[in-house]
>>> print(open('target.pdb').read())   # PDB, C-alpha atoms, pLDDT in the B column
ATOM      1  CA  MET A   1       0.000   0.000   0.000  1.00 69.00           C
ATOM      2  CA  LYS A   2       2.879   2.293   0.770  1.00 73.00           C
ATOM      3  CA  LYS A   3       4.252   1.724  -2.707  1.00 75.00           C
ATOM      4  CA  ILE A   4       0.952   2.638  -4.368  1.00 77.00           C
ATOM      5  CA  LEU A   5       0.570   5.734  -2.193  1.00 68.00           C
ATOM      6  CA  THR A   6       4.139   6.806  -2.934  1.00 75.00           C
ATOM      7  CA  LEU A   7       3.739   6.233  -6.672  1.00 70.00           C
ATOM      8  CA  THR A   8       0.456   8.157  -6.705  1.00 75.00           C
ATOM      9  CA  LEU A   9       1.991  11.045  -4.752  1.00 69.00           C
ATOM     10  CA  ALA A  10       4.992  11.076  -7.094  1.00 72.00           C
ATOM     11  CA  ALA A  11       2.713  11.065 -10.135  1.00 72.00           C
ATOM     12  CA  VAL A  12       0.658  13.957  -8.731  1.00 69.00           C
ATOM     13  CA  LEU A  13       3.761  15.967  -7.921  1.00 65.00           C
ATOM     14  CA  ALA A  14       5.270  15.272 -11.335  1.00 65.00           C
ATOM     15  CA  SER A  15       2.119  16.264 -13.162  1.00 64.00           C
ATOM     16  CA  SER A  16       1.681  19.426 -11.088  1.00 61.00           C
ATOM     17  CA  SER A  17       5.306  20.449 -11.556  1.00 58.00           C
ATOM     18  CA  LEU A  18       4.955  19.657 -15.239  1.00 53.00           C
ATOM     19  CA  GLY A  19       1.879  21.886 -15.327  1.00 54.00           C
ATOM     20  CA  LEU A  20       3.807  24.643 -13.576  1.00 51.00           C
ATOM     21  CA  ALA A  21       6.663  24.239 -16.004  1.00 52.00           C
ATOM     22  CA  THR A  22       4.344  24.430 -18.998  1.00 61.00           C
ATOM     23  CA  ALA A  23       2.555  27.461 -17.547  1.00 58.00           C
ATOM     24  CA  ALA A  24       5.902  29.122 -16.871  1.00 59.00           C
ATOM     25  CA  SER A  25       7.170  28.313 -20.339  1.00 64.00           C
ATOM     26  CA  ALA A  26       3.922  29.607 -21.841  1.00 62.00           C
ATOM     27  CA  GLN A  27       4.304  32.835 -19.889  1.00 68.00           C
ATOM     28  CA  SER A  28       7.908  33.017 -21.002  1.00 70.00           C
ATOM     29  CA  ARG A  29       6.870  32.489 -24.622  1.00 73.00           C
ATOM     30  CA  GLU A  30       4.179  35.183 -24.308  1.00 76.00           C
ATOM     31  CA  TYR A  31       6.696  37.570 -22.751  1.00 73.00           C
ATOM     32  CA  ARG A  32       9.182  36.899 -25.535  1.00 78.00           C
ATOM     33  CA  GLN A  33       6.452  37.340 -28.147  1.00 79.00           C
ATOM     34  CA  ASP A  34       5.362  40.655 -26.570  1.00 77.00           C
ATOM     35  CA  ARG A  35       8.951  41.813 -26.420  1.00 79.00           C
ATOM     36  CA  ASP A  36       9.502  40.860 -30.076  1.00 79.00           C
ATOM     37  CA  ASP A  37       6.274  42.640 -31.067  1.00 80.00           C
ATOM     38  CA  ARG A  38       7.380  45.786 -29.267  1.00 82.00           C
ATOM     39  CA  ARG A  39      10.792  45.552 -30.901  1.00 81.00           C
ATOM     40  CA  ASP A  40       9.126  45.202 -34.321  1.00 81.00           C
ATOM     41  CA  ASP A  41       6.894  48.201 -33.574  1.00 81.00           C
ATOM     42  CA  ARG A  42       9.911  50.289 -32.605  1.00 81.00           C
ATOM     43  CA  GLN A  43      11.712  49.207 -35.752  1.00 83.00           C
ATOM     44  CA  ASP A  44       8.677  50.121 -37.863  1.00 80.00           C
ATOM     45  CA  ARG A  45       8.458  53.541 -36.229  1.00 81.00           C
ATOM     46  CA  ARG A  46      12.170  54.113 -36.850  1.00 81.00           C
ATOM     47  CA  GLU A  47      11.748  53.202 -40.508  1.00 81.00           C
ATOM     48  CA  ASP A  48       8.738  55.511 -40.803  1.00 78.00           C
ATOM     49  CA  ARG A  49      10.701  58.382 -39.270  1.00 79.00           C
ATOM     50  CA  ARG A  50      13.596  57.655 -41.611  1.00 79.00           C
ATOM     51  CA  ASP A  51      11.231  57.646 -44.603  1.00 76.00           C
ATOM     52  CA  ASN A  52       9.652  60.921 -43.496  1.00 75.00           C
ATOM     53  CA  ARG A  53      13.085  62.445 -43.001  1.00 77.00           C
ATOM     54  CA  ASP A  54      14.103  61.353 -46.498  1.00 75.00           C
ATOM     55  CA  ASP A  55      10.886  62.808 -47.928  1.00 73.00           C
ATOM     56  CA  ARG A  56      11.504  66.134 -46.196  1.00 73.00           C
ATOM     57  CA  ARG A  57      15.108  66.131 -47.389  1.00 72.00           C
ATOM     58  CA  ASP A  58      14.011  65.464 -50.975  1.00 69.00           C
ATOM     59  CA  TYR A  59      11.385  68.225 -50.753  1.00 64.00           C
ATOM     60  CA  ARG A  60      13.903  70.710 -49.372  1.00 65.00           C
ATOM     61  CA  GLN A  61      16.369  69.747 -52.093  1.00 63.00           C
ATOM     62  CA  ASP A  62      13.688  70.273 -54.748  1.00 58.00           C
ATOM     63  CA  GLN A  63      12.800  73.635 -53.241  1.00 56.00           C
ATOM     64  CA  ARG A  64      16.449  74.708 -53.173  1.00 53.00           C
ATOM     65  CA  GLU A  65      16.999  73.687 -56.764  1.00 50.00           C
ATOM     66  CA  TYR A  66      13.887  75.568 -57.825  1.00 44.00           C
ATOM     67  CA  SER A  67      14.470  78.707 -55.842  1.00 53.00           C
ATOM     68  CA  ARG A  68      18.240  79.271 -56.050  1.00 58.00           C
ATOM     69  CA  TRP A  69      18.422  79.987 -59.725  1.00 58.00           C
ATOM     70  CA  GLN A  70      15.596  80.463 -62.187  1.00 70.00           C
ATOM     71  CA  ARG A  71      15.249  81.793 -65.664  1.00 65.00           C
ATOM     72  CA  ALA A  72      12.358  84.227 -66.056  1.00 63.00           C
ATOM     73  CA  GLU A  73       9.539  82.889 -68.206  1.00 67.00           C
ATOM     74  CA  ARG A  74       8.471  86.356 -69.211  1.00 70.00           C
ATOM     75  CA  ARG A  75      10.323  89.661 -69.550  1.00 72.00           C
ATOM     76  CA  TYR A  76       9.040  92.981 -68.248  1.00 72.00           C
ATOM     77  CA  ASP A  77       9.758  96.621 -68.969  1.00 72.00           C
ATOM     78  CA  ALA A  78      10.658  98.323 -65.716  1.00 75.00           C
ATOM     79  CA  GLY A  79      12.305 101.467 -66.889  1.00 75.00           C
ATOM     80  CA  ARG A  80      15.920 102.382 -67.264  1.00 78.00           C
ATOM     81  CA  TYR A  81      18.433 100.770 -64.948  1.00 74.00           C
ATOM     82  CA  GLN A  82      21.439 102.602 -63.570  1.00 79.00           C
ATOM     83  CA  ARG A  83      23.874 100.700 -61.374  1.00 77.00           C
ATOM     84  CA  PRO A  84      25.443 102.294 -58.284  1.00 81.00           C
ATOM     85  CA  ARG A  85      28.555 104.398 -58.798  1.00 83.00           C
ATOM     86  CA  GLY A  86      31.771 102.478 -58.994  1.00 80.00           C
ATOM     87  CA  TYR A  87      30.141  99.098 -59.738  1.00 81.00           C
ATOM     88  CA  VAL A  88      30.470  97.206 -62.985  1.00 81.00           C
ATOM     89  CA  ALA A  89      27.977  94.755 -64.433  1.00 78.00           C
ATOM     90  CA  ARG A  90      28.438  91.196 -63.166  1.00 81.00           C
ATOM     91  CA  GLN A  91      26.467  88.041 -62.504  1.00 84.00           C
ATOM     92  CA  TRP A  92      25.448  87.509 -58.891  1.00 85.00           C
ATOM     93  CA  GLY A  93      24.926  84.026 -57.496  1.00 86.00           C
ATOM     94  CA  TYR A  94      23.434  82.147 -54.591  1.00 86.00           C
ATOM     95  CA  GLY A  95      25.344  82.604 -51.330  1.00 89.00           C
ATOM     96  CA  GLN A  96      27.084  85.840 -52.310  1.00 92.00           C
ATOM     97  CA  ARG A  97      26.533  89.138 -50.494  1.00 93.00           C
ATOM     98  CA  LEU A  98      25.020  92.032 -52.351  1.00 90.00           C
ATOM     99  CA  PRO A  99      26.783  95.319 -51.511  1.00 89.00           C
ATOM    100  CA  ALA A 100      24.907  97.818 -49.358  1.00 87.00           C
ATOM    101  CA  ASN A 101      24.647 100.276 -52.278  1.00 88.00           C
ATOM    102  CA  TYR A 102      22.248  97.850 -54.005  1.00 86.00           C
ATOM    103  CA  ARG A 103      20.043  97.610 -50.919  1.00 82.00           C
ATOM    104  CA  THR A 104      18.727 101.160 -51.203  1.00 86.00           C
ATOM    105  CA  ARG A 105      15.141 101.987 -52.171  1.00 87.00           C
ATOM    106  CA  ALA A 106      16.160 102.691 -55.770  1.00 87.00           C
ATOM    107  CA  TYR A 107      16.873  99.006 -56.426  1.00 89.00           C
ATOM    108  CA  VAL A 108      14.269  97.248 -54.254  1.00 90.00           C
ATOM    109  CA  VAL A 109      11.370  95.678 -56.192  1.00 90.00           C
ATOM    110  CA  ASN A 110       8.278  96.363 -54.072  1.00 89.00           C
ATOM    111  CA  ASP A 111       5.631  95.541 -56.694  1.00 87.00           C
ATOM    112  CA  TYR A 112       6.701  91.914 -57.049  1.00 85.00           C
ATOM    113  CA  GLY A 113       3.150  90.778 -57.895  1.00 85.00           C
ATOM    114  CA  ARG A 114       3.250  92.899 -61.047  1.00 86.00           C
ATOM    115  CA  TYR A 115       6.270  90.916 -62.242  1.00 85.00           C
ATOM    116  CA  GLY A 116       4.866  87.477 -61.436  1.00 85.00           C
ATOM    117  CA  LEU A 117       6.983  86.979 -58.309  1.00 86.00           C
ATOM    118  CA  ARG A 118       5.801  85.406 -55.077  1.00 87.00           C
ATOM    119  CA  ALA A 119       5.799  87.503 -51.916  1.00 89.00           C
ATOM    120  CA  PRO A 120       9.257  87.378 -50.350  1.00 90.00           C
ATOM    121  CA  PRO A 121       9.597  85.670 -46.965  1.00 89.00           C
ATOM    122  CA  ARG A 122       9.738  87.886 -43.875  1.00 91.00           C
ATOM    123  CA  GLY A 123      13.147  89.540 -43.640  1.00 92.00           C
ATOM    124  CA  TYR A 124      13.865  89.271 -47.388  1.00 93.00           C
ATOM    125  CA  GLN A 125      13.378  91.559 -50.358  1.00 93.00           C
ATOM    126  CA  TYR A 126      13.676  91.449 -54.127  1.00 92.00           C
ATOM    127  CA  THR A 127      16.444  93.623 -55.528  1.00 91.00           C
ATOM    128  CA  ARG A 128      16.993  94.553 -59.149  1.00 89.00           C
ATOM    129  CA  VAL A 129      20.530  94.028 -60.392  1.00 88.00           C
ATOM    130  CA  ASN A 130      20.959  94.769 -64.109  1.00 85.00           C
ATOM    131  CA  ASN A 131      18.187  92.775 -65.850  1.00 85.00           C
ATOM    132  CA  ASP A 132      18.018  90.198 -63.075  1.00 88.00           C
ATOM    133  CA  VAL A 133      16.198  90.071 -59.747  1.00 89.00           C
ATOM    134  CA  VAL A 134      17.829  88.633 -56.641  1.00 91.00           C
ATOM    135  CA  LEU A 135      16.131  87.674 -53.388  1.00 92.00           C
ATOM    136  CA  THR A 136      18.297  88.983 -50.562  1.00 93.00           C
ATOM    137  CA  ALA A 137      18.195  89.102 -46.794  1.00 93.00           C
ATOM    138  CA  VAL A 138      17.386  92.655 -45.732  1.00 92.00           C
ATOM    139  CA  ALA A 139      19.853  92.770 -42.851  1.00 91.00           C
ATOM    140  CA  THR A 140      22.883  91.097 -44.414  1.00 92.00           C
ATOM    141  CA  GLY A 141      22.413  91.242 -48.193  1.00 92.00           C
ATOM    142  CA  LEU A 142      22.937  87.470 -48.508  1.00 93.00           C
ATOM    143  CA  ILE A 143      21.558  86.284 -51.851  1.00 92.00           C
ATOM    144  CA  THR A 144      19.173  83.337 -51.537  1.00 91.00           C
ATOM    145  CA  ALA A 145      17.719  83.239 -55.066  1.00 89.00           C
ATOM    146  CA  VAL A 146      18.485  84.620 -58.502  1.00 89.00           C
ATOM    147  CA  ILE A 147      15.908  85.123 -61.252  1.00 86.00           C
ATOM    148  CA  VAL A 148      17.773  85.759 -64.475  1.00 84.00           C
ATOM    149  CA  GLY A 149      16.481  87.983 -67.271  1.00 83.00           C
ATOM    150  CA  LEU A 150      13.273  89.273 -65.712  1.00 83.00           C
ATOM    151  CA  PHE A 151      13.653  92.774 -67.161  1.00 83.00           C
ATOM    152  CA  ASN A 152      14.331  94.003 -70.703  1.00 78.00           C
TER     153      ASN A 152
END
>>> encode(input="target.pdb", output="structure tokens")
Amino acid sequence: MKKILTLTLAAVLASSSLGLATAASAQSREYRQDRDDRRDDRQDRREDRRDNRDDRRDYRQDQREYSRWQRAERRYDAGRYQRPRGYVARQWGYGQRLPANYRTRAYVVNDYGRYGLRAPPRGYQYTRVNNDVVLTAVATGLITAVIVGLFN
């Protein structure tokens, strides 16, 4: 009788410990699965951010290429042009500084809508240089865009 009781007790203990082990392993598997899911979600979010960053970079690059240098589609008559004293005709480019003599009221293009130009951003102005128009920073004279051949 002792043998039967011992065997029964051993079987019960083995089955209960086996049940605990399977429950623990199931919890462990669920934990690992949750952790892997979270890791995949983080990876997906990183890839989305990277894609968005690339899209913004491409957009900015397109904007820069469009706005730095353009050829005017149409030419306008804006009256006679006289450059400041001591300056010779030259081509201005993106990133250069326009001298202060060009930043006077005589050269600023205030009626930009009449010439098919968009409103300049705050702190910038259009300046006529020869037959071209340059978009410059008001304070520093830094050229941010050149529109070639806008005037006759």
>>> atom_distance(input="target.pdb", atom1="CA of Asn131 in chain A", atom2="CA of Ala145 in chain A")
14.4 Å
>>> resolve_selection(input="target.pdb", expression="the PyMOL selection byres ((chain A and resi 106) around 10)", output="list in words")
Tyr81, Gln82, Arg83, Pro84, Asn101, Tyr102, Arg103, Thr104, Arg105, Tyr107, Val108, Val109, Thr127 and Arg128 of chain A
>>> atom_distance(input="target.pdb", atom1="CA of Gly113 in chain A", atom2="CA of Gln91 in chain A")
23.9 Å
>>> atom_distance(input="target.pdb", atom1="CA of Val138 in chain A", atom2="CA of Pro121 in chain A")
10.5 Å
>>> closest_residue(input="target.pdb", among="A:Thr8, A:Asp44, A:Leu98, A:Leu150", to="Gln125 in chain A", atoms="only C-alpha atoms")
A:Leu98
>>> resolve_selection(input="target.pdb", expression="the PyMOL selection byres ((chain A and resi 78) around 8)", output="number ranges by chain")
A: 76-77, 79-80, 151-152
>>> resolve_selection(input="target.pdb", expression="the PyMOL selection byres ((chain A and resi 141) around 9)", output="MDAnalysis selection string")
chainID A and resid 96:100 102:103 124 135:140 142:143
>>> write_last_selection(input="target.pdb", atoms="C-alpha atoms", output="mmCIF file, keeping the file's coordinate frame")
data_model
loop_
_atom_site.group_PDB
_atom_site.id
_atom_site.type_symbol
_atom_site.label_atom_id
_atom_site.label_comp_id
_atom_site.auth_asym_id
_atom_site.auth_seq_id
_atom_site.Cartn_x
_atom_site.Cartn_y
_atom_site.Cartn_z
ATOM 1 C CA GLN A 96 27.084 85.840 -52.310
ATOM 2 C CA ARG A 97 26.533 89.138 -50.494
ATOM 3 C CA LEU A 98 25.020 92.032 -52.351
ATOM 4 C CA PRO A 99 26.783 95.319 -51.511
ATOM 5 C CA ALA A 100 24.907 97.818 -49.358
ATOM 6 C CA TYR A 102 22.248 97.850 -54.005
ATOM 7 C CA ARG A 103 20.043 97.610 -50.919
ATOM 8 C CA TYR A 124 13.865 89.271 -47.388
ATOM 9 C CA LEU A 135 16.131 87.674 -53.388
ATOM 10 C CA THR A 136 18.297 88.983 -50.562
ATOM 11 C CA ALA A 137 18.195 89.102 -46.794
ATOM 12 C CA VAL A 138 17.386 92.655 -45.732
ATOM 13 C CA ALA A 139 19.853 92.770 -42.851
ATOM 14 C CA THR A 140 22.883 91.097 -44.414
ATOM 15 C CA LEU A 142 22.937 87.470 -48.508
ATOM 16 C CA ILE A 143 21.558 86.284 -51.851
#
